[in-house]
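J.: Quick one: this structure, given as structure tokens, is what I'll be asking you about.
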Amino acid sequence: DVNWLNTQFTMIDTGGIEPSTNDLILKSMREQAEIAIETALGGSIQNIVTDNEQTAKAMIALLKKNRYGRATFLPLTNISGRGVNQAQNILQEPGVVGFGSSLVHAEARFDRLVEYLLGRFVVVDHIDHAIALAKKYKHSLRIVTKEGELLNPGGSMSGGAYKNNNNLLGRHREMENLEKEVQAQRDRMRGIVKEQEEGRQEAKELQDAMENNR
């Protein structure tokens, strides 16, 4: 089944469509790198992962037939990542947190996908270290800071702020935290109700005992 809403879609139990890139990669991630990872992913955070190219082909045909818009698919059978030259040297540079692929966790079958999406991004702590690193390696690296600045090969830079804190990963984490908080409140309410019931039962037993002693 496919649920469609303004040409954005979620695939449910299709037998070929994998979890979205967002849900797949971001199950477990260091909170400090949230903005950096979202910046590195860019538009690919909305991409759809499929088991193979035939599933992607079928979904593209469905999009065309129904004029639902366009989407990008990542067939697992086609995806492969490439490492970064001088990786070990780069990891020793000041301010380097790690490569983007090392800061997320997914099932082993998605390792190549994670490497493809994030393996060539160097995550650093702040923009000053990012600029120094870019200069040292002659602007050949993709560098992203924990605050979301992006330095591309060739020298271009981008940055700023998410409007109204509008980053998907932050919302994803906040939703999980809220769900846990709601569950904790429900558990507390159940405890209170149980205590009230036990109190009423004790009161009834006490009243019965007093009546029997008259």
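Every chain in the structure tokens has a letter given in the order shown (A, B, ...), and although residue numbers restart at 1 in each chain, ligands are simply numbered from 1 in the order shown.
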Taking the DSSP secondary structure from the backbone, can you list the residues of stretch 121-150 of chain A that are alpha helix (DSSP H), as a list in words?
T.: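 Filtering stretch 121-150 of chain A down to alpha helix (DSSP H) leaves Ile127, Asp128, His129, Ala130, Ile131, Ala132, Leu133, Ala134, Lys135 and Lys136 of chain A.
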J.: Would you output that residue set with N, CA and C atoms, as a PDB file, in the first residue's frame?
T.:
ATOM      1  N   ILE A 127      33.429  26.273  12.991  1.00  0.00           N
ATOM      2  CA  ILE A 127      33.785  26.751  11.652  1.00  0.00           C
ATOM      3  C   ILE A 127      35.257  27.147  11.520  1.00  0.00           C
ATOM      4  N   ASP A 128      35.882  27.624  12.585  1.00  0.00           N
ATOM      5  CA  ASP A 128      37.295  28.002  12.487  1.00  0.00           C
ATOM      6  C   ASP A 128      38.165  26.791  12.160  1.00  0.00           C
ATOM      7  N   HIS A 129      37.897  25.681  12.837  1.00  0.00           N
ATOM      8  CA  HIS A 129      38.637  24.463  12.525  1.00  0.00           C
ATOM      9  C   HIS A 129      38.294  23.967  11.120  1.00  0.00           C
ATOM     10  N   ALA A 130      37.048  24.156  10.714  1.00  0.00           N
ATOM     11  CA  ALA A 130      36.635  23.741   9.371  1.00  0.00           C
ATOM     12  C   ALA A 130      37.407  24.511   8.299  1.00  0.00           C
ATOM     13  N   ILE A 131      37.532  25.809   8.489  1.00  0.00           N
ATOM     14  CA  ILE A 131      38.254  26.643   7.512  1.00  0.00           C
ATOM     15  C   ILE A 131      39.731  26.251   7.452  1.00  0.00           C
ATOM     16  N   ALA A 132      40.318  26.042   8.633  1.00  0.00           N
ATOM     17  CA  ALA A 132      41.736  25.652   8.674  1.00  0.00           C
ATOM     18  C   ALA A 132      41.941  24.303   7.998  1.00  0.00           C
ATOM     19  N   LEU A 133      41.035  23.369   8.234  1.00  0.00           N
ATOM     20  CA  LEU A 133      41.142  22.043   7.638  1.00  0.00           C
ATOM     21  C   LEU A 133      40.987  22.122   6.116  1.00  0.00           C
ATOM     22  N   ALA A 134      40.036  22.912   5.674  1.00  0.00           N
ATOM     23  CA  ALA A 134      39.815  23.065   4.231  1.00  0.00           C
ATOM     24  C   ALA A 134      41.054  23.637   3.549  1.00  0.00           C
ATOM     25  N   LYS A 135      41.654  24.638   4.153  1.00  0.00           N
ATOM     26  CA  LYS A 135      42.854  25.236   3.568  1.00  0.00           C
ATOM     27  C   LYS A 135      44.006  24.244   3.511  1.00  0.00           C
ATOM     28  N   LYS A 136      44.180  23.484   4.602  1.00  0.00           N
ATOM     29  CA  LYS A 136      45.300  22.547   4.662  1.00  0.00           C
ATOM     30  C   LYS A 136      45.193  21.482   3.572  1.00  0.00           C
TER      31      LYS A 136
END
J.: Just list the residues in stretch 66-103 of chain A DSSP gives strand (DSSP E or B) on the backbone, as a list in words.
T.: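 Strand (DSSP E or B) assignments inside stretch 66-103 of chain A correspond to Phe73, Leu74, Pro75, Val96, Val97, Gly98 and Phe99 of chain A.
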J.: Emit the selected residues as a JSON list (two decimals), in the first residue's frame, including all heavy atoms.
T.:
[["chain", "number", "residue", "atom", "x", "y", "z"],
["A", 73, "PHE", "N", 15.43, 7.49, -5.61],
["A", 73, "PHE", "CA", 15.49, 6.17, -5.00],
["A", 73, "PHE", "C", 16.93, 5.72, -4.86],
["A", 73, "PHE", "O", 17.78, 6.03, -5.70],
["A", 73, "PHE", "CB", 14.70, 5.16, -5.85],
["A", 73, "PHE", "CG", 13.24, 5.49, -5.96],
["A", 73, "PHE", "CD1", 12.78, 6.34, -6.95],
["A", 73, "PHE", "CD2", 12.33, 4.97, -5.05],
["A", 73, "PHE", "CE1", 11.43, 6.65, -7.05],
["A", 73, "PHE", "CE2", 10.98, 5.27, -5.14],
["A", 73, "PHE", "CZ", 10.52, 6.12, -6.13],
["A", 74, "LEU", "N", 17.19, 4.97, -3.81],
["A", 74, "LEU", "CA", 18.53, 4.45, -3.54],
["A", 74, "LEU", "C", 18.46, 2.93, -3.49],
["A", 74, "LEU", "O", 18.23, 2.33, -2.43],
["A", 74, "LEU", "CB", 19.06, 4.99, -2.21],
["A", 74, "LEU", "CG", 19.16, 6.51, -2.07],
["A", 74, "LEU", "CD1", 19.58, 6.89, -0.66],
["A", 74, "LEU", "CD2", 20.12, 7.09, -3.10],
["A", 75, "PRO", "N", 18.65, 2.25, -4.63],
["A", 75, "PRO", "CA", 18.62, 0.78, -4.64],
["A", 75, "PRO", "C", 19.84, 0.21, -3.91],
["A", 75, "PRO", "O", 20.98, 0.55, -4.25],
["A", 75, "PRO", "CB", 18.65, 0.43, -6.12],
["A", 75, "PRO", "CG", 18.34, 1.71, -6.84],
["A", 75, "PRO", "CD", 18.83, 2.81, -5.97],
["A", 96, "VAL", "N", 38.44, 17.76, 14.61],
["A", 96, "VAL", "CA", 37.72, 16.74, 13.85],
["A", 96, "VAL", "C", 37.00, 15.80, 14.81],
["A", 96, "VAL", "O", 37.62, 15.20, 15.69],
["A", 96, "VAL", "CB", 38.67, 15.96, 12.92],
["A", 96, "VAL", "CG1", 37.93, 14.77, 12.30],
["A", 96, "VAL", "CG2", 39.21, 16.88, 11.84],
["A", 97, "VAL", "N", 35.69, 15.66, 14.61],
["A", 97, "VAL", "CA", 34.89, 14.74, 15.42],
["A", 97, "VAL", "C", 34.91, 13.35, 14.82],
["A", 97, "VAL", "O", 34.97, 12.34, 15.53],
["A", 97, "VAL", "CB", 33.43, 15.25, 15.52],
["A", 97, "VAL", "CG1", 32.56, 14.28, 16.30],
["A", 97, "VAL", "CG2", 33.37, 16.64, 16.15],
["A", 98, "GLY", "N", 34.87, 13.27, 13.50],
["A", 98, "GLY", "CA", 34.89, 11.98, 12.81],
["A", 98, "GLY", "C", 34.26, 12.12, 11.44],
["A", 98, "GLY", "O", 33.78, 13.20, 11.06],
["A", 99, "PHE", "N", 34.25, 11.05, 10.68],
["A", 99, "PHE", "CA", 33.53, 11.05, 9.42],
["A", 99, "PHE", "C", 32.05, 10.84, 9.70],
["A", 99, "PHE", "O", 31.67, 10.17, 10.67],
["A", 99, "PHE", "CB", 34.07, 9.96, 8.49],
["A", 99, "PHE", "CG", 35.44, 10.25, 7.97],
["A", 99, "PHE", "CD1", 36.55, 9.64, 8.51],
["A", 99, "PHE", "CD2", 35.62, 11.18, 6.95],
["A", 99, "PHE", "CE1", 37.82, 9.92, 8.04],
["A", 99, "PHE", "CE2", 36.89, 11.48, 6.47],
["A", 99, "PHE", "CZ", 38.00, 10.85, 7.02]]
J.: At a cut-off of 8 Å, using only C-alpha atoms, what residues contact A:Glu149? Leave out same-chain residues fewer than 6 positions from it and give the result as number ranges by chain.
T.: A: 36, 39, 127, 157-160
J.: Go ahead and save the picked residues with N, CA, C and O atoms, as a compact mmCIF listing (two decimals), in the first residue's frame.
T.:
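Output (out-v7.txt):
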# COMPACT_ATOMS: atom_id res chain seq x y z
N ALA A 36 24.78 18.54 12.10
CA ALA A 36 25.83 18.23 11.12
C ALA A 36 25.38 17.13 10.18
O ALA A 36 25.56 17.23 8.96
N THR A 39 22.69 18.38 7.80
CA THR A 39 23.29 19.25 6.78
C THR A 39 24.00 18.41 5.72
O THR A 39 23.88 18.66 4.52
N ILE A 127 33.43 26.27 12.99
CA ILE A 127 33.79 26.75 11.65
C ILE A 127 35.26 27.15 11.52
O ILE A 127 35.84 27.01 10.44
N MET A 157 31.06 27.87 0.63
CA MET A 157 30.63 27.69 2.02
C MET A 157 29.15 28.03 2.13
O MET A 157 28.65 28.90 1.42
N SER A 158 28.47 27.34 3.02
CA SER A 158 27.07 27.69 3.30
C SER A 158 26.81 27.54 4.79
O SER A 158 27.49 26.78 5.48
N GLY A 159 25.84 28.28 5.28
CA GLY A 159 25.52 28.23 6.70
C GLY A 159 24.37 29.14 7.03
O GLY A 159 23.75 29.73 6.15
N GLY A 160 24.11 29.29 8.31
CA GLY A 160 22.99 30.10 8.76
C GLY A 160 22.27 29.38 9.87
O GLY A 160 22.89 28.72 10.71
J.: Just how far from atom CA of A:Glu179 is atom CA of A:Gly43, in Å to one decimal?
T.: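 The value is 26.9 Å.
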J.: What's around A:Ser80 at 10 Å? Count only C-alpha atoms, leave out sequence neighbours fewer than 2 positions away in its own chain, and write the answer as a list in words.
T.: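 Once the nearby chain positions are removed, what remains is Leu76, Thr77, Asn78, Arg82, Asp111, Arg112, Leu113, Val114, Glu115, Tyr116 and Leu117 of chain A.
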J.: Take atom CA of A:Ile90 and atom CA of A:Gly119 and report the distance between them in Å, one decimal.
T.: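 Interatomic distance, atom CA of A:Ile90 to atom CA of A:Gly119: 13.0 Å.
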